[in-house]
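File shown: work15.cif (mmCIF, C-alpha atoms).
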data_protein
#
loop_
_atom_site.label_atom_id
_atom_site.label_comp_id
_atom_site.auth_asym_id
_atom_site.auth_seq_id
_atom_site.Cartn_x
_atom_site.Cartn_y
_atom_site.Cartn_z
CA MET A 1 -2.33 -6.51 33.16
CA ARG A 2 -3.54 -5.63 36.67
CA SER A 3 -6.61 -7.37 38.07
CA THR A 4 -8.97 -7.00 41.07
CA GLY A 5 -7.83 -10.24 42.68
CA GLY A 6 -5.02 -12.70 42.06
CA SER A 7 -4.69 -13.62 38.40
CA LYS A 8 -8.38 -13.11 37.62
CA ARG A 9 -8.99 -11.14 34.45
CA VAL A 10 -10.60 -7.73 34.92
CA THR A 11 -14.16 -7.76 33.56
CA ILE A 12 -16.55 -5.11 32.35
CA ALA A 13 -18.49 -5.61 35.58
CA ASP A 14 -15.38 -4.69 37.58
CA VAL A 15 -15.04 -1.48 35.57
CA ALA A 16 -18.72 -0.64 36.07
CA ARG A 17 -18.44 -1.23 39.83
CA SER A 18 -15.33 0.94 40.11
CA ALA A 19 -16.86 3.76 38.05
CA GLY A 20 -20.22 3.56 39.78
CA VAL A 21 -22.14 3.04 36.54
CA SER A 22 -23.97 0.20 34.82
CA THR A 23 -22.25 -2.35 32.56
CA SER A 24 -24.28 -1.00 29.64
CA ALA A 25 -22.82 2.45 30.29
CA VAL A 26 -19.30 1.00 30.16
CA SER A 27 -20.19 -0.77 26.93
CA LYS A 28 -21.39 2.52 25.43
CA VAL A 29 -18.09 4.19 26.30
CA LEU A 30 -16.10 1.31 24.81
CA THR A 31 -18.01 1.48 21.53
CA ASN A 32 -18.12 5.30 21.39
CA ALA A 33 -21.91 5.11 21.34
CA TYR A 34 -24.05 8.21 21.03
CA GLY A 35 -25.44 9.82 24.17
CA VAL A 36 -22.54 9.31 26.62
CA SER A 37 -21.93 12.38 28.76
CA PRO A 38 -18.37 13.69 29.14
CA ALA A 39 -18.53 13.11 32.91
CA MET A 40 -19.54 9.47 32.51
CA ARG A 41 -16.93 8.89 29.82
CA GLU A 42 -14.23 10.31 32.10
CA ARG A 43 -15.32 8.12 35.05
CA VAL A 44 -15.32 4.99 32.94
CA GLN A 45 -11.99 5.75 31.26
CA THR A 46 -10.42 6.47 34.66
CA ALA A 47 -11.65 3.12 35.99
CA ILE A 48 -10.36 1.34 32.86
CA ALA A 49 -6.92 2.90 33.32
CA GLU A 50 -6.77 2.14 37.07
CA LEU A 51 -7.85 -1.47 36.66
CA GLY A 52 -5.88 -2.14 33.49
CA TYR A 53 -9.01 -3.40 31.76
CA ARG A 54 -8.66 -4.71 28.23
CA PRO A 55 -11.73 -5.98 26.30
CA HIS A 56 -11.59 -9.68 25.51
CA ALA A 57 -11.13 -9.98 21.74
CA ALA A 58 -12.99 -13.28 21.41
CA ALA A 59 -15.95 -12.00 23.39
CA ARG A 60 -16.08 -8.86 21.29
CA GLY A 61 -16.03 -11.03 18.19
CA MET A 62 -19.07 -12.97 19.40
CA ARG A 63 -20.86 -9.66 19.87
CA GLY A 64 -20.14 -8.79 16.24
CA ARG A 65 -17.01 -6.61 16.39
CA THR A 66 -13.37 -7.51 17.04
CA TYR A 67 -11.86 -4.08 16.34
CA THR A 68 -9.15 -5.69 14.24
CA ILE A 69 -8.14 -4.79 10.69
CA GLY A 70 -6.06 -6.98 8.39
CA VAL A 71 -3.58 -5.50 5.91
CA LEU A 72 -2.34 -7.76 3.11
CA LEU A 73 1.11 -7.10 1.60
CA ALA A 74 2.88 -9.00 -1.16
CA SER A 75 6.25 -8.36 0.46
CA ILE A 76 7.78 -6.64 3.48
CA ARG A 77 10.89 -5.66 1.49
CA ASN A 78 9.23 -2.90 -0.54
CA ALA A 79 9.81 0.38 1.32
CA PHE A 80 6.70 1.90 -0.27
CA TYR A 81 4.57 -0.45 1.81
CA ALA A 82 6.09 1.11 4.93
CA ASP A 83 4.78 4.50 3.75
CA LEU A 84 1.31 3.03 3.26
CA LEU A 85 1.35 1.41 6.70
CA GLU A 86 2.48 4.67 8.28
CA GLY A 87 -0.62 6.32 6.85
CA VAL A 88 -2.89 3.51 8.03
CA ASP A 89 -1.43 3.79 11.53
CA ALA A 90 -1.84 7.58 11.56
CA THR A 91 -5.57 7.22 10.91
CA LEU A 92 -6.19 4.37 13.35
CA ARG A 93 -3.74 5.28 16.13
CA ASN A 94 -6.31 6.99 18.35
CA THR A 95 -9.11 4.53 17.65
CA GLU A 96 -9.89 1.12 19.13
CA TYR A 97 -8.85 -0.65 15.94
CA ALA A 98 -5.72 -2.80 15.96
CA VAL A 99 -3.87 -3.52 12.71
CA PHE A 100 -2.59 -7.00 11.83
CA ILE A 101 -0.22 -7.34 8.86
CA GLY A 102 -0.06 -10.37 6.62
CA SER A 103 2.80 -10.73 4.14
CA SER A 104 2.74 -13.62 1.70
CA GLY A 105 6.43 -13.26 0.96
CA SER A 106 5.50 -13.47 -2.72
CA ALA A 107 2.90 -12.33 -5.20
CA GLU A 108 1.53 -15.86 -5.64
CA MET A 109 -2.25 -16.00 -5.85
CA ASP A 110 -2.66 -19.12 -3.68
CA ASP A 111 -0.45 -17.78 -0.88
CA GLN A 112 -2.32 -14.49 -0.71
CA THR A 113 -5.71 -16.19 -0.87
CA LYS A 114 -4.81 -18.34 2.15
CA LEU A 115 -3.77 -15.24 4.08
CA ILE A 116 -7.01 -13.41 3.33
CA HIS A 117 -9.05 -16.46 4.33
CA ALA A 118 -7.10 -16.62 7.61
CA MET A 119 -7.98 -12.97 8.31
CA VAL A 120 -11.64 -13.60 7.53
CA ASP A 121 -11.70 -16.74 9.71
CA ARG A 122 -10.37 -14.66 12.60
CA GLN A 123 -13.35 -12.32 12.24
CA MET A 124 -11.38 -9.20 11.38
CA ASP A 125 -13.71 -6.25 10.93
CA GLY A 126 -12.15 -5.09 7.66
CA LEU A 127 -9.39 -5.69 5.13
CA ILE A 128 -6.94 -3.44 3.30
CA LEU A 129 -5.47 -5.28 0.33
CA VAL A 130 -2.35 -3.73 -1.22
CA ALA A 131 -2.09 -4.56 -4.94
CA PRO A 132 -3.51 -8.05 -4.34
CA ALA A 133 -2.64 -10.98 -6.58
CA VAL A 134 -5.77 -12.74 -5.33
CA ALA A 135 -8.38 -13.48 -7.99
CA ARG A 136 -10.64 -10.45 -8.36
CA ALA A 137 -13.77 -12.61 -8.17
CA GLU A 138 -12.61 -13.90 -4.78
CA VAL A 139 -11.99 -10.36 -3.52
CA VAL A 140 -15.49 -9.33 -4.64
CA ARG A 141 -16.98 -12.37 -2.90
CA ILE A 142 -15.16 -11.68 0.37
CA ALA A 143 -15.88 -7.94 0.22
CA ALA A 144 -19.60 -8.71 0.09
CA ASP A 145 -19.30 -9.89 3.71
CA VAL A 146 -16.18 -8.13 5.06
CA PRO A 147 -15.60 -4.38 4.47
CA THR A 148 -12.65 -4.10 2.08
CA VAL A 149 -10.44 -1.42 0.52
CA VAL A 150 -8.09 -2.20 -2.38
CA ILE A 151 -4.95 -0.08 -2.83
CA GLY A 152 -3.29 0.15 -6.24
CA HIS A 153 -5.67 -1.58 -8.63
CA HIS A 154 -7.86 0.62 -10.81
CA ASP A 155 -10.63 -2.01 -11.17
CA PRO A 156 -13.69 -0.53 -9.40
CA SER A 157 -16.51 -2.54 -7.85
CA PRO A 158 -19.59 -1.76 -5.74
CA ALA A 159 -18.23 -4.34 -3.27
CA TYR A 160 -15.06 -2.47 -2.24
CA ASP A 161 -13.39 0.94 -2.29
CA CYS A 162 -10.26 1.74 -4.32
CA VAL A 163 -7.34 4.01 -3.45
CA VAL A 164 -5.09 4.57 -6.46
CA ASN A 165 -2.49 6.90 -7.90
CA GLN A 166 -2.84 8.84 -11.14
CA ASP A 167 -0.22 6.58 -12.69
CA GLY A 168 -0.55 8.00 -16.19
CA LEU A 169 0.37 11.45 -14.94
CA GLY A 170 3.27 10.07 -12.92
CA VAL A 171 4.76 8.33 -15.96
CA ASP A 172 4.36 11.44 -18.10
CA LEU A 173 6.39 13.38 -15.53
CA VAL A 174 9.22 10.82 -15.74
CA VAL A 175 9.39 10.57 -19.52
CA ASP A 176 9.02 14.32 -20.05
CA HIS A 177 11.85 14.91 -17.57
CA LEU A 178 14.22 12.45 -19.26
CA VAL A 179 13.39 13.67 -22.77
CA GLY A 180 13.90 17.23 -21.57
CA LEU A 181 17.42 16.25 -20.51
CA GLY A 182 18.10 14.96 -24.02
CA HIS A 183 17.47 11.22 -23.60
CA ARG A 184 15.84 9.28 -26.41
CA ASP A 185 16.66 5.66 -25.64
CA ILE A 186 14.65 5.27 -22.43
CA ALA A 187 13.87 1.73 -21.24
CA HIS A 188 11.28 0.68 -18.65
CA LEU A 189 11.55 -2.02 -15.96
CA SER A 190 8.10 -3.35 -15.13
CA HIS A 191 6.47 -6.19 -13.20
CA PRO A 192 5.23 -9.41 -14.83
CA THR A 193 1.48 -9.89 -15.00
CA VAL A 194 0.10 -12.38 -12.47
CA ARG A 195 -1.90 -14.82 -14.58
CA GLY A 196 -5.47 -15.79 -13.79
CA THR A 197 -6.25 -13.00 -11.32
CA GLN A 198 -8.78 -11.21 -13.58
CA TRP A 199 -7.42 -7.79 -12.57
CA VAL A 200 -7.11 -5.82 -15.80
CA GLN A 201 -6.07 -2.48 -14.31
CA ARG A 202 -3.19 -3.32 -12.00
CA PRO A 203 -0.81 -0.38 -11.40
CA GLU A 204 1.95 -1.90 -13.55
CA HIS A 205 -0.54 -2.20 -16.42
CA HIS A 206 -1.28 1.53 -16.21
CA VAL A 207 2.40 2.44 -15.94
CA ARG A 208 3.42 0.25 -18.91
CA ALA A 209 0.65 1.65 -21.10
CA ALA A 210 1.42 5.23 -20.09
CA TYR A 211 5.13 4.69 -20.81
CA GLY A 212 4.36 3.52 -24.34
CA GLU A 213 2.02 6.45 -24.92
CA ALA A 214 4.52 8.97 -23.58
CA MET A 215 7.33 7.60 -25.74
CA ALA A 216 5.03 7.75 -28.77
CA ARG A 217 4.03 11.32 -27.92
CA HIS A 218 7.70 12.29 -28.14
CA GLY A 219 8.18 10.40 -31.41
CA LEU A 220 10.20 7.67 -29.66
CA ALA A 221 7.87 4.68 -30.03
CA ASP A 222 10.48 2.70 -31.98
CA LEU A 223 12.94 3.08 -29.09
CA ALA A 224 10.52 1.98 -26.36
CA ARG A 225 11.59 -1.18 -24.50
CA VAL A 226 9.91 -2.91 -21.55
CA VAL A 227 11.51 -5.65 -19.43
CA ASN A 228 9.10 -7.38 -17.02
CA SER A 229 11.73 -8.36 -14.48
CA GLY A 230 9.74 -7.62 -11.31
CA TYR A 231 9.46 -5.02 -8.57
CA SER A 232 12.31 -6.21 -6.36
CA ASP A 233 16.02 -5.56 -5.99
CA GLU A 234 16.78 -8.81 -7.78
CA GLY A 235 14.25 -8.02 -10.50
CA GLY A 236 15.81 -4.61 -11.07
CA TYR A 237 19.27 -6.15 -11.21
CA ARG A 238 18.28 -8.82 -13.75
CA GLY A 239 16.37 -6.36 -15.91
CA ALA A 240 19.20 -3.85 -15.90
CA MET A 241 21.79 -6.50 -16.79
CA GLU A 242 19.63 -7.57 -19.74
CA LEU A 243 19.32 -4.00 -20.99
CA LEU A 244 22.83 -2.78 -20.28
CA THR A 245 24.56 -5.77 -21.91
CA SER A 246 22.38 -5.65 -25.02
CA GLN A 247 23.64 -4.44 -28.39
CA ARG A 248 21.88 -1.13 -27.81
CA PRO A 249 22.06 -0.22 -24.11
CA PRO A 250 19.71 2.60 -23.09
CA THR A 251 20.95 5.93 -21.83
CA ALA A 252 18.17 6.04 -19.23
CA ILE A 253 16.15 3.45 -17.30
CA PHE A 254 12.76 4.11 -15.73
CA ALA A 255 12.16 1.59 -12.95
CA GLY A 256 8.50 1.11 -12.04
CA ALA A 257 9.36 0.93 -8.33
CA ASP A 258 12.18 2.33 -6.20
CA VAL A 259 12.95 -1.16 -4.92
CA ALA A 260 13.74 -2.24 -8.51
CA ALA A 261 15.89 0.86 -9.01
CA THR A 262 18.19 -0.33 -6.22
CA GLY A 263 18.96 -3.41 -8.32
CA VAL A 264 19.85 -1.17 -11.26
CA PHE A 265 22.46 0.60 -9.12
CA ARG A 266 24.02 -2.79 -8.38
CA ALA A 267 24.06 -3.86 -12.04
CA ALA A 268 25.55 -0.56 -13.17
CA ALA A 269 28.32 -0.83 -10.58
CA GLU A 270 29.22 -4.35 -11.73
CA LEU A 271 29.44 -3.12 -15.31
CA GLY A 272 31.56 -0.12 -14.41
CA LEU A 273 28.84 2.40 -15.30
CA ARG A 274 28.37 5.61 -13.34
CA ILE A 275 24.96 7.05 -12.44
CA PRO A 276 24.09 9.60 -13.76
CA GLU A 277 27.22 10.20 -15.92
CA ASP A 278 26.80 7.01 -17.99
CA LEU A 279 23.19 6.09 -17.17
CA SER A 280 20.28 8.12 -15.89
CA LEU A 281 17.89 6.29 -13.56
CA THR A 282 14.44 7.10 -12.20
CA GLY A 283 12.25 5.25 -9.76
CA TYR A 284 8.61 5.31 -8.75
CA ASN A 285 7.18 5.68 -5.20
CA ASN A 286 9.71 8.18 -3.73
CA THR A 287 10.43 5.98 -0.73
CA SER A 288 12.73 6.98 2.11
CA VAL A 289 15.52 5.04 0.39
CA ALA A 290 15.35 7.35 -2.64
CA ALA A 291 16.16 10.37 -0.49
CA LEU A 292 19.32 8.87 1.02
CA VAL A 293 22.33 10.92 -0.08
CA PRO A 294 24.32 8.00 -1.59
CA VAL A 295 21.21 7.00 -3.58
CA SER A 296 19.73 10.39 -4.51
CA LEU A 297 17.14 8.76 -6.79
CA THR A 298 14.86 10.83 -8.99
CA SER A 299 11.44 9.36 -8.32
CA VAL A 300 7.69 9.89 -8.59
CA ASP A 301 6.11 10.73 -5.24
CA GLN A 302 2.77 8.91 -4.92
CA ALA A 303 2.00 10.31 -1.46
CA GLY A 304 2.09 6.81 0.00
CA ALA A 305 1.31 7.85 3.57
CA MET A 306 -1.71 9.81 2.38
CA MET A 307 -2.91 6.79 0.37
CA GLY A 308 -2.67 4.69 3.54
CA GLU A 309 -4.55 7.30 5.56
CA THR A 310 -7.27 7.45 2.92
CA ALA A 311 -7.61 3.66 2.78
CA ALA A 312 -7.97 3.40 6.56
CA ARG A 313 -10.53 6.20 6.66
CA LEU A 314 -12.61 4.63 3.88
CA LEU A 315 -12.45 1.25 5.60
CA VAL A 316 -13.70 2.64 8.92
CA GLU A 317 -16.54 4.34 7.07
CA ARG A 318 -17.50 0.97 5.57
CA ILE A 319 -17.24 -0.81 8.92
CA GLU A 320 -19.30 1.86 10.67
CA LYS A 321 -21.80 1.87 7.76
CA SER A 322 -21.58 5.64 7.44
CA ARG A 323 -21.55 5.40 3.62
CA ASP A 324 -23.65 3.26 1.28
CA ARG A 325 -21.70 3.47 -1.99
CA ALA A 326 -18.25 2.49 -3.22
CA VAL A 327 -15.71 5.20 -4.03
CA VAL A 328 -12.46 5.45 -5.96
CA LEU A 329 -9.99 8.06 -4.71
CA ALA A 330 -6.81 8.93 -6.61
CA SER A 331 -3.72 10.74 -5.33
CA THR A 332 -1.89 13.23 -7.55
CA PRO A 333 1.80 12.37 -8.12
CA HIS A 334 4.70 14.76 -8.51
CA LEU A 335 8.28 14.22 -9.61
CA VAL A 336 11.12 14.67 -7.14
CA VAL A 337 14.30 15.35 -9.14
CA ARG A 338 17.56 14.28 -7.50
CA GLY A 339 21.06 13.36 -8.57
CA SER A 340 20.39 10.12 -10.50
CA THR A 341 19.35 11.90 -13.72
CA ALA A 342 21.44 14.10 -16.01
CA PRO A 343 21.84 14.76 -19.75
CA PRO A 344 23.24 11.77 -21.68
CA ALA A 345 27.02 11.66 -22.07
CA HIS A 346 26.96 12.33 -25.82
CA LEU A 347 25.38 15.78 -25.38
#
Kindly transcribe the structure held in the file into structure tokens.
Amino acid sequence: MRSTGGSKRVTIADVARSAGVSTSAVSKVLTNAYGVSPAMRERVQTAIAELGYRPHAAARGMRGRTYTIGVLLASIRNAFYADLLEGVDATLRNTEYAVFIGSSGSAEMDDQTKLIHAMVDRQMDGLILVAPAVARAEVVRIAADVPTVVIGHHDPSPAYDCVVNQDGLGVDLVVDHLVGLGHRDIAHLSHPTVRGTQWVQRPEHHVRAAYGEAMARHGLADLARVVNSGYSDEGGYRGAMELLTSQRPPTAIFAGADVAATGVFRAAAELGLRIPEDLSLTGYNNTSVAALVPVSLTSVDQAGAMMGETAARLLVERIEKSRDRAVVLASTPHLVVRGSTAPPAHL
């Protein structure tokens, strides 16, 4: 970064001197305060660019704002999280807010709790928690002090905002599609419940319940099977191997996440099964991987980027105190049919 002399850091006073305005005027421009004329804003921004001025994060924190936002992820391997982050970035790109990502590498409650505490200790202005495994009571406690948005969980609270998907509708689209092709033995790969978190409406809970209801609606309740093998490539592989080597292998598998569906492809290949000739497969999330030609995965589009955009917008509203009530916003899913589903071989 350039400076006005030697290695000395450029200060707000240097910017004010260069622009010919007061330091309070520079501060107003930096915080987008009301009442700044376009001419003054232009002079200050020109001086900032010429001097290479960058506000000191620690000093801003002492004044009550750090312009940093923490995003908690359970894993960096799930491509759906990339869609969410793309939406967050789209909303915040032209603002002063910087995004810091924390990935626990697992869905363990203790690991995620430590990460959230680290974000709070670093005075981040707000938090976006993606399907957190942290105890709900702890999230409520933290959200009372730090503006927070929860993505995925359907458990509302006055303390935080929720951005969710209409998971019941998404599951209906999958099951109706497979039944319409002639499938009856449709199995579901889900995610195990994280014990002790107090979240009762996690997305996998909604998807599992909706799957059972959809199978029952089609008169297939006795054929419904759920394997809680996890939303990961390895989880999908293990779940598929369990199902496909059973005495009654399904003709179709509905994976609750695209990342799990990739493991099903691997298991099917090892067993000499062709998709979709021998086994139909659907995912959930419609990630970029699903659209790859060799994959061509039928999947439910949750509008991940839009969910990220919405979460970031709601968080900024909370930080800026432009809204005094919690909201729950739900995206509407749609099914993207590709080459991984077809009528069962016996038809």
Output the residue selection produced by the PyMOL selection byres ((chain A and resi 286-298) around 9) on the file above, formatted as number ranges by chain. A: 78-80, 82-83, 174, 257-259, 261-262, 265, 281-285, 299-304, 335-341
Hey, can I get the axis-aligned box for segment 168-176 of chain A? All listed atoms, 5 Å padding on each side, centre and edge lengths in Å to one decimal, as JSON.
{"center_x": 4.4, "center_y": 11.2, "center_z": -16.5, "size_x": 19.9, "size_y": 16.3, "size_z": 17.1}
Please identify all polymer residues lying at most 10 Å from the point (27.7, 6.6, -18.3) (file coordinates), using all atoms listed in the file, and present the result as a PyMOL selection string. chain A and resi 251-252+268+272-280+344-346
Run through the PyMOL selection byres ((chain A and resi 324) around 12) on the given coordinates and return the selected residues as a PyMOL selection string. chain A and resi 147+158-161+314+317-323+325-327
Generate a file of the selected residues that holds C-alpha atoms, formatted as a tab-separated table (two decimals), keeping the file's coordinate frame.
chain	number	residue	atom	x	y	z
A	147	PRO	CA	-15.60	-4.38	4.47
A	158	PRO	CA	-19.59	-1.76	-5.74
A	159	ALA	CA	-18.23	-4.34	-3.27
A	160	TYR	CA	-15.06	-2.47	-2.24
A	161	ASP	CA	-13.39	0.94	-2.29
A	314	LEU	CA	-12.61	4.63	3.88
A	317	GLU	CA	-16.54	4.34	7.07
A	318	ARG	CA	-17.50	0.97	5.57
A	319	ILE	CA	-17.24	-0.81	8.92
A	320	GLU	CA	-19.30	1.86	10.67
A	321	LYS	CA	-21.80	1.87	7.76
A	322	SER	CA	-21.58	5.64	7.44
A	323	ARG	CA	-21.55	5.40	3.62
A	325	ARG	CA	-21.70	3.47	-1.99
A	326	ALA	CA	-18.25	2.49	-3.22
A	327	VAL	CA	-15.71	5.20	-4.03
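You will find atom CA of Glu309 of chain A at 13.2 Å from atom CA of Thr95 of chain A.
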Listing only residues of segment 79-179 of chain A within 7 Å of segment 184-208 of chain A, what is the closest atom pair and its distance in Å (to one decimal) for each, using all atoms listed in the file, sorted by chain and residue number ascending, as a tab-separated table?
residue	atom	partner	partner_atom	distance
A:Ala133	CA	A:Thr197	CA	6.3
A:Val134	CA	A:Thr197	CA	6.0
A:Ala135	CA	A:Thr197	CA	4.0
A:Arg136	CA	A:Gln198	CA	5.6
A:Gly152	CA	A:Pro203	CA	5.7
A:His153	CA	A:Arg202	CA	4.5
A:His154	CA	A:Gln201	CA	5.0
A:Asp155	CA	A:Gln201	CA	5.6
A:Asp167	CA	A:Val207	CA	5.9
A:Gly168	CA	A:Val207	CA	6.3
A:Val171	CA	A:Val207	CA	6.3
A:Val179	CA	A:Arg184	CA	6.2
Give me the residues near Ser104 of chain A as a PDB file with C-alpha atoms, in the frame of the given file, where near means some atom within 6 Å (using all atoms listed in the file) and where sequence neighbours in that chain fewer than 6 positions away do not count.
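Below you can see out_14.pdb, which holds the result:
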ATOM      1  CA  ALA A  74       2.880  -9.000  -1.160  1.00  0.00           C
ATOM      2  CA  ASP A 111      -0.450 -17.780  -0.880  1.00  0.00           C
ATOM      3  CA  GLN A 112      -2.320 -14.490  -0.710  1.00  0.00           C
TER       4      GLN A 112
END
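Among the candidates A:Ile69, A:Glu213, A:Ala19, A:Ser27, the one nearest to Glu42 of chain A when counting all atoms listed in the file is A:Ala19.
Closest to Gly87 of chain A among A:Ala311, A:Ala267, A:Val10, A:Ile128 is A:Ala311, based on only C-alpha atoms.
Atom CA of Arg225 of chain A sits 9.7 Å away from atom CA of Ile253 of chain A.
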Need to verify the contact set: Ala221 of chain A, 7 Å, only C-alpha atoms, exclusion of same-chain residues closer than 4 positions in sequence. Can you return it as a count of residues only? 3
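With only C-alpha atoms as the atoms that count, the minimum distance from Lys8 of chain A to the choices A:Val150, A:Val226, A:Leu51, A:Val264 is reached by A:Leu51.
Across the model, the gap from atom CA of Val316 of chain A to atom CA of Arg43 of chain A is 26.7 Å.
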